[in-house]
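What follows is the content of upload07.txt, which has compact mmCIF, C-alpha atoms and all ligand atoms:
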# COMPACT_ATOMS: atom_id res chain seq x y z
CA MET A 1 -12.03 22.06 -6.24
CA ARG A 2 -13.00 24.00 -3.11
CA VAL A 3 -12.67 22.54 0.38
CA SER A 4 -16.34 23.38 0.94
CA GLU A 5 -17.26 21.04 -1.96
CA LEU A 6 -15.39 17.97 -0.67
CA PRO A 7 -17.41 14.85 0.16
CA THR A 8 -17.19 14.24 3.92
CA PRO A 9 -15.69 12.91 6.07
CA ALA A 10 -12.56 14.15 4.27
CA LEU A 11 -8.98 13.96 5.46
CA VAL A 12 -7.49 17.41 5.04
CA ILE A 13 -3.85 18.54 5.29
CA ASP A 14 -3.13 22.22 5.72
CA ALA A 15 -0.30 22.97 3.28
CA GLU A 16 1.23 25.82 5.29
CA ALA A 17 1.21 23.90 8.60
CA LEU A 18 2.75 20.87 6.90
CA GLU A 19 5.49 22.96 5.33
CA HIS A 20 6.15 24.63 8.70
CA ASN A 21 6.47 21.25 10.44
CA LEU A 22 8.77 19.76 7.78
CA ALA A 23 11.00 22.84 7.73
CA THR A 24 11.13 23.07 11.54
CA MET A 25 12.13 19.42 11.93
CA ALA A 26 14.67 19.63 9.08
CA GLU A 27 16.31 22.48 10.98
CA ARG A 28 16.36 20.51 14.26
CA LEU A 29 17.41 17.17 12.73
CA PRO A 30 18.84 17.86 9.28
CA GLY A 31 19.46 15.27 6.54
CA ASP A 32 20.27 11.79 7.77
CA ARG A 33 19.89 12.78 11.44
CA LEU A 34 16.20 12.13 10.79
CA ARG A 35 14.86 8.90 9.27
CA PRO A 36 11.18 9.94 9.01
CA HIS A 37 8.72 7.20 9.92
CA VAL A 38 6.15 6.81 7.14
CA LYS A 39 3.72 4.87 9.37
CA ALA A 40 2.41 8.24 10.58
CA HIS A 41 1.12 9.27 7.13
CA LYS A 42 1.31 6.22 4.81
CA CYS A 43 1.58 8.56 1.85
CA THR A 44 4.40 8.61 -0.71
CA ALA A 45 3.48 12.15 -1.82
CA LEU A 46 4.12 13.36 1.74
CA ALA A 47 7.33 11.28 1.96
CA ARG A 48 8.49 13.05 -1.20
CA GLU A 49 8.05 16.37 0.61
CA GLN A 50 10.19 15.03 3.48
CA ALA A 51 12.84 13.99 0.94
CA ARG A 52 12.68 17.52 -0.51
CA HIS A 53 13.59 18.72 2.99
CA GLY A 54 16.75 16.62 2.89
CA HIS A 55 15.84 13.29 4.48
CA THR A 56 16.73 10.45 2.13
CA GLY A 57 16.36 7.42 4.45
CA PHE A 58 12.93 6.39 5.75
CA THR A 59 11.55 4.18 8.51
CA CYS A 60 8.68 1.80 7.74
CA ALA A 61 6.44 -0.36 9.93
CA THR A 62 5.15 -2.84 7.34
CA PRO A 63 6.48 -4.62 4.23
CA ARG A 64 3.68 -2.88 2.30
CA GLU A 65 5.14 0.50 3.30
CA VAL A 66 8.61 -0.67 2.26
CA LEU A 67 7.48 -1.92 -1.16
CA GLY A 68 5.28 1.13 -1.74
CA MET A 69 8.21 3.43 -1.03
CA VAL A 70 10.36 1.46 -3.48
CA ALA A 71 7.65 1.67 -6.15
CA ALA A 72 7.52 5.45 -5.64
CA GLY A 73 11.28 5.76 -6.22
CA LEU A 74 11.93 6.52 -2.54
CA GLY A 75 13.74 3.26 -1.72
CA HIS A 76 17.27 4.65 -1.44
CA ASP A 77 17.62 3.55 2.23
CA LEU A 78 14.58 1.98 3.93
CA LEU A 79 14.47 0.50 7.41
CA LEU A 80 11.70 -1.93 8.31
CA ALA A 81 11.73 -1.09 12.03
CA ASN A 82 9.59 -4.08 12.83
CA GLU A 83 9.85 -7.86 12.96
CA THR A 84 8.40 -10.25 10.41
CA VAL A 85 8.76 -13.98 9.72
CA ASP A 86 6.48 -13.81 6.65
CA ALA A 87 8.55 -15.62 4.00
CA GLN A 88 6.56 -14.24 1.06
CA ARG A 89 6.84 -10.62 2.16
CA LEU A 90 10.51 -11.00 3.11
CA ARG A 91 11.21 -12.49 -0.34
CA ALA A 92 9.38 -9.61 -2.02
CA MET A 93 11.62 -7.12 -0.17
CA ALA A 94 14.77 -9.12 -1.03
CA ARG A 95 13.67 -9.16 -4.69
CA ALA A 96 13.14 -5.39 -4.64
CA VAL A 97 16.79 -4.95 -3.62
CA ASP A 98 18.11 -7.53 -6.10
CA THR A 99 16.23 -6.00 -9.04
CA GLY A 100 16.74 -2.39 -7.92
CA GLY A 101 20.00 -1.90 -9.81
CA GLY A 102 21.79 -0.50 -6.73
CA ALA A 103 19.12 2.17 -6.18
CA VAL A 104 17.23 0.21 -3.51
CA ARG A 105 18.48 -0.54 0.00
CA ILE A 106 16.29 -2.32 2.55
CA THR A 107 17.34 -3.10 6.12
CA ILE A 108 15.19 -5.35 8.29
CA ALA A 109 14.93 -5.37 12.10
CA VAL A 110 15.70 -8.72 13.74
CA ASP A 111 15.55 -9.62 17.43
CA SER A 112 15.58 -13.43 17.67
CA ALA A 113 17.05 -16.56 16.09
CA GLU A 114 13.72 -17.03 14.28
CA THR A 115 13.61 -13.56 12.70
CA VAL A 116 17.28 -13.88 11.68
CA ALA A 117 16.64 -17.29 10.06
CA ALA A 118 13.53 -16.04 8.22
CA ALA A 119 15.41 -13.01 6.85
CA ALA A 120 18.41 -15.08 5.77
CA GLU A 121 16.28 -17.74 4.07
CA ALA A 122 14.39 -15.08 2.13
CA GLY A 123 17.63 -13.57 0.80
CA ILE A 124 17.63 -10.35 2.85
CA HIS A 125 21.09 -8.74 2.72
CA GLU A 126 21.06 -6.22 5.58
CA VAL A 127 19.63 -6.19 9.09
CA LEU A 128 19.64 -4.09 12.27
CA VAL A 129 19.38 -5.65 15.71
CA ASP A 130 16.25 -4.37 17.46
CA VAL A 131 16.86 -3.93 21.19
CA ASP A 132 14.35 -3.75 24.06
CA ILE A 133 15.05 -0.40 25.74
CA GLY A 134 11.98 -0.33 27.96
CA LEU A 135 8.82 -0.54 25.84
CA PRO A 136 7.21 -3.96 26.32
CA ARG A 137 7.04 -4.81 22.62
CA CYS A 138 9.69 -6.15 20.23
CA GLY A 139 13.47 -6.12 20.68
CA CYS A 140 15.97 -8.48 22.25
CA ALA A 141 17.57 -7.97 25.66
CA PRO A 142 20.56 -5.60 25.37
CA THR A 143 22.78 -8.42 26.66
CA ASP A 144 21.56 -10.72 23.86
CA ALA A 145 22.17 -8.28 20.99
CA GLY A 146 25.73 -9.49 20.30
CA ARG A 147 24.53 -13.07 19.91
CA ILE A 148 21.74 -12.03 17.49
CA ALA A 149 24.27 -10.04 15.43
CA GLU A 150 26.61 -13.03 15.28
CA LEU A 151 23.77 -15.29 14.12
CA ALA A 152 22.97 -12.81 11.36
CA ARG A 153 26.61 -12.47 10.27
CA ASN A 154 27.06 -16.25 10.30
CA ALA A 155 23.99 -16.47 8.04
CA GLY A 156 25.75 -14.17 5.56
CA MET A 157 23.94 -10.91 6.29
CA GLU A 158 25.42 -7.48 6.89
CA VAL A 159 24.56 -6.07 10.36
CA ARG A 160 24.27 -2.29 10.09
CA GLY A 161 23.91 -1.58 13.82
CA VAL A 162 21.09 -1.33 16.35
CA MET A 163 17.70 0.25 16.84
CA GLY A 164 15.52 0.65 19.92
CA TYR A 165 12.20 2.44 20.31
CA GLU A 166 11.42 4.03 23.67
CA GLY A 167 7.69 4.41 22.93
CA HIS A 168 6.83 4.40 26.66
CA LEU A 169 8.60 7.78 27.03
CA MET A 170 7.00 9.69 24.13
CA MET A 171 4.29 11.39 26.20
CA VAL A 172 6.40 12.10 29.32
CA ALA A 173 6.55 15.87 29.92
CA ASP A 174 9.99 17.51 29.68
CA GLY A 175 9.68 18.64 33.32
CA ASP A 176 9.31 15.05 34.57
CA GLY A 177 12.96 14.06 34.10
CA LYS A 178 12.39 13.07 30.48
CA GLN A 179 16.00 13.60 29.37
CA ALA A 180 17.27 11.31 32.17
CA LYS A 181 14.72 8.64 31.23
CA VAL A 182 15.68 8.82 27.55
CA ASP A 183 19.38 8.73 28.52
CA ALA A 184 18.81 5.55 30.53
CA ALA A 185 17.11 3.94 27.51
CA VAL A 186 19.93 5.07 25.20
CA ASP A 187 22.50 3.64 27.66
CA LEU A 188 20.92 0.22 27.03
CA LEU A 189 20.97 0.79 23.28
CA LEU A 190 24.64 1.84 23.30
CA GLN A 191 25.53 -1.14 25.48
CA ALA A 192 23.96 -3.35 22.79
CA HIS A 193 25.73 -1.37 20.07
CA ASP A 194 29.12 -2.07 21.68
CA ALA A 195 28.44 -5.77 21.23
CA VAL A 196 26.85 -5.52 17.77
CA GLY A 197 29.01 -2.97 15.95
CA GLY A 198 27.95 -1.25 12.71
CA SER A 199 27.47 2.43 11.99
CA VAL A 200 23.75 2.88 12.76
CA VAL A 201 22.18 3.66 16.13
CA SER A 202 18.51 4.40 15.41
CA SER A 203 15.93 5.44 17.99
CA GLY A 204 13.32 7.95 19.07
CA GLY A 205 10.09 9.47 17.86
CA THR A 206 8.40 12.86 17.80
CA GLY A 207 8.04 12.88 21.59
CA THR A 208 11.79 12.44 22.17
CA HIS A 209 13.27 13.86 18.95
CA HIS A 210 14.91 16.76 20.87
CA LEU A 211 16.63 14.52 23.43
CA HIS A 212 18.80 12.29 21.24
CA PRO A 213 22.34 13.65 20.78
CA ARG A 214 23.87 10.18 21.24
CA VAL A 215 22.10 8.26 18.46
CA THR A 216 22.96 8.54 14.76
CA GLU A 217 19.34 8.96 13.61
CA VAL A 218 15.84 9.62 14.96
CA GLN A 219 12.74 7.83 13.65
CA ALA A 220 10.09 10.55 14.21
CA GLY A 221 6.92 10.47 12.10
CA SER A 222 3.98 12.24 13.76
CA TYR A 223 5.70 15.64 13.69
CA ALA A 224 4.66 16.13 10.05
CA LEU A 225 0.90 16.12 10.70
CA MET A 226 0.59 16.21 14.53
CA ASP A 227 -2.47 15.40 16.65
CA THR A 228 -4.11 16.65 19.84
CA ALA A 229 -2.14 14.20 22.03
CA TYR A 230 1.26 15.42 20.80
CA ALA A 231 0.03 19.05 20.84
CA THR A 232 0.00 18.87 24.66
CA LEU A 233 3.82 18.59 24.74
CA GLY A 234 4.38 22.12 23.46
CA PHE A 235 6.63 21.36 20.47
CA PRO A 236 6.92 24.01 17.75
CA PHE A 237 4.90 21.84 15.33
CA ARG A 238 1.42 22.84 14.20
CA ASN A 239 -1.65 20.76 13.74
CA ALA A 240 -1.66 20.07 9.99
CA LEU A 241 -4.24 17.27 9.85
CA SER A 242 -7.97 17.48 10.37
CA LEU A 243 -11.16 15.86 9.22
CA LEU A 244 -13.76 17.90 7.47
CA GLY A 245 -17.26 16.90 8.54
CA THR A 246 -20.84 17.91 7.73
CA VAL A 247 -23.45 18.63 10.39
CA VAL A 248 -26.37 16.23 9.80
CA ASN A 249 -28.56 16.94 12.83
CA VAL A 250 -29.08 19.88 15.19
CA HIS A 251 -30.86 19.43 18.53
CA PRO A 252 -31.47 22.27 21.04
CA SER A 253 -28.62 20.93 23.22
CA TRP A 254 -26.25 19.23 20.78
CA PHE A 255 -25.41 18.73 17.13
CA VAL A 256 -24.22 15.73 15.16
CA ALA A 257 -21.70 15.52 12.31
CA ASP A 258 -20.64 12.67 10.04
CA VAL A 259 -17.16 12.01 11.51
CA GLY A 260 -17.50 8.78 13.45
CA LEU A 261 -15.00 6.40 14.94
CA LYS A 262 -14.68 4.62 11.57
CA ALA A 263 -12.98 7.77 10.31
CA LEU A 264 -10.75 8.35 13.36
CA GLY A 265 -8.13 6.54 15.41
CA MET A 266 -9.68 6.57 18.88
CA ASP A 267 -6.99 4.96 21.05
CA HIS A 268 -5.86 8.38 22.33
CA GLY A 269 -9.43 9.42 23.13
CA ASN A 270 -11.99 11.70 21.52
CA SER A 271 -11.13 14.14 18.79
CA ALA A 272 -11.42 17.91 19.33
CA VAL A 273 -13.90 20.16 17.53
CA PRO A 274 -12.94 23.84 17.76
CA GLY A 275 -15.92 25.83 19.04
CA ALA A 276 -17.65 22.79 20.57
CA THR A 277 -17.27 20.13 23.25
CA VAL A 278 -17.13 16.58 21.92
CA TRP A 279 -19.47 14.31 23.89
CA TYR A 280 -18.76 11.06 22.09
CA HIS A 281 -18.13 9.32 18.79
CA SER A 282 -20.20 6.42 17.48
CA ASP A 283 -19.62 4.45 14.28
CA GLU A 284 -20.64 7.18 11.84
CA HIS A 285 -21.23 10.21 14.06
CA VAL A 286 -19.70 12.69 16.43
CA THR A 287 -22.08 14.30 18.94
CA CYS A 288 -21.01 17.71 20.24
CA ALA A 289 -22.33 20.53 22.40
CA PRO A 290 -21.73 23.98 20.95
CA GLU A 291 -19.70 26.24 23.22
CA ALA A 292 -21.56 29.36 24.39
CA GLY A 293 -20.52 32.29 22.23
CA GLY A 294 -18.27 30.00 20.19
CA ARG A 295 -18.07 29.72 16.42
CA LEU A 296 -20.52 26.83 16.45
CA ALA A 297 -23.10 28.49 18.76
CA ASP A 298 -25.67 28.73 15.97
CA VAL A 299 -24.64 25.70 13.93
CA ARG A 300 -27.07 24.51 11.22
CA VAL A 301 -27.64 21.28 9.32
CA GLY A 302 -25.29 21.29 6.33
CA ASP A 303 -22.57 23.37 8.02
CA ARG A 304 -19.02 22.12 7.68
CA ILE A 305 -16.98 21.51 10.84
CA THR A 306 -13.34 20.72 11.58
CA VAL A 307 -12.52 17.64 13.64
CA VAL A 308 -8.94 17.33 14.96
CA PRO A 309 -7.82 13.74 15.61
CA ALA A 310 -6.20 12.62 18.88
CA HIS A 311 -3.94 10.08 17.13
CA VAL A 312 -2.72 10.74 13.63
CA ASP A 313 -1.39 7.30 12.54
CA PRO A 314 -4.54 5.16 12.80
CA THR A 315 -6.69 8.07 11.60
CA VAL A 316 -4.80 8.37 8.31
CA ALA A 317 -4.92 4.59 7.83
CA TYR A 318 -8.75 4.70 7.62
CA HIS A 319 -8.70 6.92 4.53
CA GLU A 320 -8.00 6.37 0.83
CA GLN A 321 -6.82 9.90 0.16
CA ALA A 322 -5.92 13.17 1.82
CA TYR A 323 -6.56 16.63 0.39
CA LEU A 324 -3.75 19.15 0.58
CA VAL A 325 -5.43 22.52 1.06
CA THR A 326 -4.80 26.18 1.58
CA GLY A 327 -7.77 28.22 2.80
CA ASP A 328 -10.80 26.99 0.84
CA GLN A 329 -8.70 25.75 -2.08
CA VAL A 330 -7.77 22.10 -2.66
CA LEU A 331 -4.24 22.10 -4.06
CA GLU A 332 -3.73 18.36 -4.52
CA THR A 333 -5.26 14.98 -3.78
CA TRP A 334 -2.72 12.62 -2.21
CA PRO A 335 -3.45 8.88 -2.22
CA ILE A 336 -2.80 7.19 1.13
CA ASP A 337 -1.01 4.57 -0.91
CA LEU A 338 0.98 2.75 1.80
CA ARG A 339 -2.06 1.31 3.60
CA GLY A 340 -2.23 -2.39 4.35
CA TRP A 341 0.43 -4.87 5.39
C1 LIG A 401 9.59 1.78 15.81
C2 LIG A 401 9.05 3.15 15.88
N1 LIG A 401 9.89 4.17 15.70
C3 LIG A 401 9.49 5.45 15.77
C4 LIG A 401 8.17 5.76 16.03
C5 LIG A 401 7.87 7.22 16.18
O1 LIG A 401 6.72 7.71 15.86
P1 LIG A 401 6.15 9.14 16.31
O2 LIG A 401 6.97 10.16 15.68
O3 LIG A 401 4.80 9.04 15.76
O4 LIG A 401 6.17 9.21 17.78
C6 LIG A 401 7.23 4.72 16.23
C7 LIG A 401 5.81 5.02 16.52
O5 LIG A 401 5.03 4.24 16.98
C8 LIG A 401 7.69 3.39 16.15
O6 LIG A 401 6.85 2.36 16.33
Go ahead and express the file in the form of structure tokens.
Ligand SMILES: Cc1ncc(COP(=O)(O)O)c(C=O)c1O
Amino acid sequence: MRVSELPTPALVIDAEALEHNLATMAERLPGDRLRPHVKAHKCTALAREQARHGHTGFTCATPREVLGMVAAGLGHDLLLANETVDAQRLRAMARAVDTGGGAVRITIAVDSAETVAAAAEAGIHEVLVDVDIGLPRCGCAPTDAGRIAELARNAGMEVRGVMGYEGHLMMVADGDGKQAKVDAAVDLLLQAHDAVGGSVVSSGGTGTHHLHPRVTEVQAGSYALMDTAYATLGFPFRNALSLLGTVVNVHPSWFVADVGLKALGMDHGNSAVPGATVWYHSDEHVTCAPEAGGRLADVRVGDRITVVPAHVDPTVAYHEQAYLVTGDQVLETWPIDLRGW
């Protein structure tokens, strides 16, 4: 199939840009130094490419991602870097380990007596203590991490170490003292690690992947596909993800294409349309003004346009499949098979 024949809006991955991003990151954080986060792409075919680049452990945000990775044969060492007290889903993950014949390893984040108890009751074998290192979200206080670890060990579970996600620092520019801010967050994580023990210290994301010499592994995910928000930080990763849209209306001052906010994660703002200025998105449409002298200056109904998302993770989660392309050629159709919870 040709890209120009795809039904729109279509999620499109540029094969060369993807390969560049995976190879670049594998050079910066080889093998187990990176535990790629699958929440950014929710796609086992893409995870397989990351494994081909040497990363065998993966980070997940939902039990669905964990179980989908196991079903795809990528369950060698999975970390659910998120809290859950859902007994049914915890039991399903425990069962996946017990029936996996030694080929499946699942570690669950815990940060409270309740999450420890839920994991233990469900038969989970291994946990990490999730520590609050500055992002107001999950994680226990660094000073409480030792107690949480002891609760888990007393309940019969193996404690593999600690994790902490400094999400509030991802978009800080390098020039604004970013390394010092990340170091302060890692100080808290290492303080917790002293009390917890174990061999794993897991942290970071795409925005801080280059600033983490003191942790054992980095949980970056967005680097594989990238978005316009992360592009502002100047990393050597290329934009590999876009939406293909079709122009459905042309007015003397603007044009409209079929890539609305139901096809795009909007929490980081409007998408970008090369050759045009995006005015706004509505449910099913994007309204743009062509840039004078730009590629879209004489756009017509039926033309195809490229829409670059501002936030990759929620954008991918809206779609059932992505098309891996080179030029006008569709190489493969990849199911976004890790959607849902
Ligand atoms: C726990 C956790 N780790 C790591 C990441 C890193 O993701 P990214 O590479 O997209 O910044 C995230 C993203 O939200 C996260 O929630």
Could you please extract the residues within 10 Å of ligand LIG 401 (chain A), counting only C-alpha atoms and all ligand atoms, and hand them back as a PDB file with C-alpha atoms, keeping the file's coordinate frame?
ATOM      1  CA  ARG A  35      14.860   8.900   9.270  1.00  0.00           C
ATOM      2  CA  PRO A  36      11.180   9.940   9.010  1.00  0.00           C
ATOM      3  CA  HIS A  37       8.720   7.200   9.920  1.00  0.00           C
ATOM      4  CA  VAL A  38       6.150   6.810   7.140  1.00  0.00           C
ATOM      5  CA  LYS A  39       3.720   4.870   9.370  1.00  0.00           C
ATOM      6  CA  ALA A  40       2.410   8.240  10.580  1.00  0.00           C
ATOM      7  CA  HIS A  41       1.120   9.270   7.130  1.00  0.00           C
ATOM      8  CA  THR A  59      11.550   4.180   8.510  1.00  0.00           C
ATOM      9  CA  CYS A  60       8.680   1.800   7.740  1.00  0.00           C
ATOM     10  CA  ALA A  61       6.440  -0.360   9.930  1.00  0.00           C
ATOM     11  CA  LEU A  79      14.470   0.500   7.410  1.00  0.00           C
ATOM     12  CA  LEU A  80      11.700  -1.930   8.310  1.00  0.00           C
ATOM     13  CA  ALA A  81      11.730  -1.090  12.030  1.00  0.00           C
ATOM     14  CA  ASN A  82       9.590  -4.080  12.830  1.00  0.00           C
ATOM     15  CA  ALA A 109      14.930  -5.370  12.100  1.00  0.00           C
ATOM     16  CA  ASP A 130      16.250  -4.370  17.460  1.00  0.00           C
ATOM     17  CA  ARG A 137       7.040  -4.810  22.620  1.00  0.00           C
ATOM     18  CA  CYS A 138       9.690  -6.150  20.230  1.00  0.00           C
ATOM     19  CA  MET A 163      17.700   0.250  16.840  1.00  0.00           C
ATOM     20  CA  GLY A 164      15.520   0.650  19.920  1.00  0.00           C
ATOM     21  CA  TYR A 165      12.200   2.440  20.310  1.00  0.00           C
ATOM     22  CA  GLU A 166      11.420   4.030  23.670  1.00  0.00           C
ATOM     23  CA  GLY A 167       7.690   4.410  22.930  1.00  0.00           C
ATOM     24  CA  HIS A 168       6.830   4.400  26.660  1.00  0.00           C
ATOM     25  CA  LEU A 169       8.600   7.780  27.030  1.00  0.00           C
ATOM     26  CA  MET A 170       7.000   9.690  24.130  1.00  0.00           C
ATOM     27  CA  MET A 171       4.290  11.390  26.200  1.00  0.00           C
ATOM     28  CA  SER A 202      18.510   4.400  15.410  1.00  0.00           C
ATOM     29  CA  SER A 203      15.930   5.440  17.990  1.00  0.00           C
ATOM     30  CA  GLY A 204      13.320   7.950  19.070  1.00  0.00           C
ATOM     31  CA  GLY A 205      10.090   9.470  17.860  1.00  0.00           C
ATOM     32  CA  THR A 206       8.400  12.860  17.800  1.00  0.00           C
ATOM     33  CA  GLY A 207       8.040  12.880  21.590  1.00  0.00           C
ATOM     34  CA  THR A 208      11.790  12.440  22.170  1.00  0.00           C
ATOM     35  CA  HIS A 209      13.270  13.860  18.950  1.00  0.00           C
ATOM     36  CA  VAL A 218      15.840   9.620  14.960  1.00  0.00           C
ATOM     37  CA  GLN A 219      12.740   7.830  13.650  1.00  0.00           C
ATOM     38  CA  ALA A 220      10.090  10.550  14.210  1.00  0.00           C
ATOM     39  CA  GLY A 221       6.920  10.470  12.100  1.00  0.00           C
ATOM     40  CA  SER A 222       3.980  12.240  13.760  1.00  0.00           C
ATOM     41  CA  TYR A 223       5.700  15.640  13.690  1.00  0.00           C
ATOM     42  CA  ALA A 224       4.660  16.130  10.050  1.00  0.00           C
ATOM     43  CA  LEU A 225       0.900  16.120  10.700  1.00  0.00           C
ATOM     44  CA  MET A 226       0.590  16.210  14.530  1.00  0.00           C
ATOM     45  CA  ASP A 227      -2.470  15.400  16.650  1.00  0.00           C
ATOM     46  CA  TYR A 230       1.260  15.420  20.800  1.00  0.00           C
ATOM     47  CA  HIS A 311      -3.940  10.080  17.130  1.00  0.00           C
ATOM     48  CA  VAL A 312      -2.720  10.740  13.630  1.00  0.00           C
ATOM     49  CA  ASP A 313      -1.390   7.300  12.540  1.00  0.00           C
TER      50      ASP A 313
END
key: Residues within 9 Å of Arg304 of chain A, all atoms listed in the file, excluding chain neighbours under 6 positions, as a list in words   =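 Here the answer would be Ser4, Thr8, Leu244, Gly245, Thr246, Val247 and Ala257 of chain A.
Restricting the calculation to all atoms listed in the file, the smallest distance between Leu189 of chain A and any of A:Leu211, A:Ile133, A:Met157, A:Leu243 is found for A:Ile133.
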message = Here is a test: counting all atoms listed in the file, which residue of A:Ala15, A:Ala185, A:Leu264, A:Ala92 is nearest to Asp283 of chain A?
response =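 Checking each of A:Ala15, A:Ala185, A:Leu264, A:Ala92 against Asp283 of chain A, counting all atoms listed in the file, the winner is A:Leu264.
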Compile a residue-level contact table for segment 59-166 of chain A against segment 322-340 of chain A at a cut-off of 7 Å, reporting for every qualifying residue the shortest atom pair and its distance in Å to one decimal, with all atoms listed in the file counted, rows ordered by chain and ascending number, as CSV.
residue,atom,partner,partner_atom,distance
A:Arg64,CA,A:Leu338,CA,6.3
A:Glu65,CA,A:Leu338,CA,5.0
A:Gly68,CA,A:Leu338,CA,5.8
How would the residues just picked look written out with C-alpha atoms as a PDB file, in the coordinates of the input?
ATOM      1  CA  ARG A  64       3.680  -2.880   2.300  1.00  0.00           C
ATOM      2  CA  GLU A  65       5.140   0.500   3.300  1.00  0.00           C
ATOM      3  CA  GLY A  68       5.280   1.130  -1.740  1.00  0.00           C
TER       4      GLY A  68
END
ask   = Quick one: of A:Ala149, A:Arg2, A:Thr216, A:Gly123, who's nearest to Leu29 of chain A, counting all atoms listed in the file?
value =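 For Leu29 of chain A, the nearest of the candidates is A:Thr216.
The residue that comes closest to Asp187 of chain A, out of A:Ala103, A:Leu74, A:Ala152, A:Val131 and on the basis of all atoms listed in the file, is A:Val131.
Relative to atom CA of Gln321 of chain A, atom CA of Val278 of chain A is found at 25.0 Å.
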inquiry  = Considering only C-alpha atoms, can you say which of A:Leu241, A:Leu11, A:Met1, A:Val116 comes closest to Gly156 of chain A?
reply    = A:Val116
inquiry  = Just checking: using all atoms listed in the file, which residue out of A:Asp77, A:Glu217, A:Glu114, A:Glu158 ends up closest to Cys140 of chain A?
reply    =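 Nearest to Cys140 of chain A: A:Glu114.
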inquiry  = Could you tell me how far atom CA of Phe237 of chain A sits from atom CA of Ala17 of chain A, in Å to one decimal place?
reply    = 7.9 Å
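Atom to atom, atom CA of Ala145 of chain A and atom CA of Val215 of chain A stand 16.7 Å apart.
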ask   = Which residues, protein or nucleic acid, reach to within 9 Å of (10.5, -8.4, -0.2) in the file's coordinates when using all atoms listed in the file, and can you give that as a ChimeraX atom specification?
value = /A:63,66-67,87-97,106,122-124
query = List as a PyMOL selection string: which residues have an atom within 10 Å of (19.6, 0.0, 30.9), counting only C-alpha atoms?
reply = chain A and resi 132-134+141-143+181+183-192
query = Can you tell me, as number ranges by chain, what residues are no more than 6 Å from Val104 of chain A when counting only C-alpha atoms, ignoring any on the same chain fewer than 3 positions away?
reply = A: 75-76, 97, 100
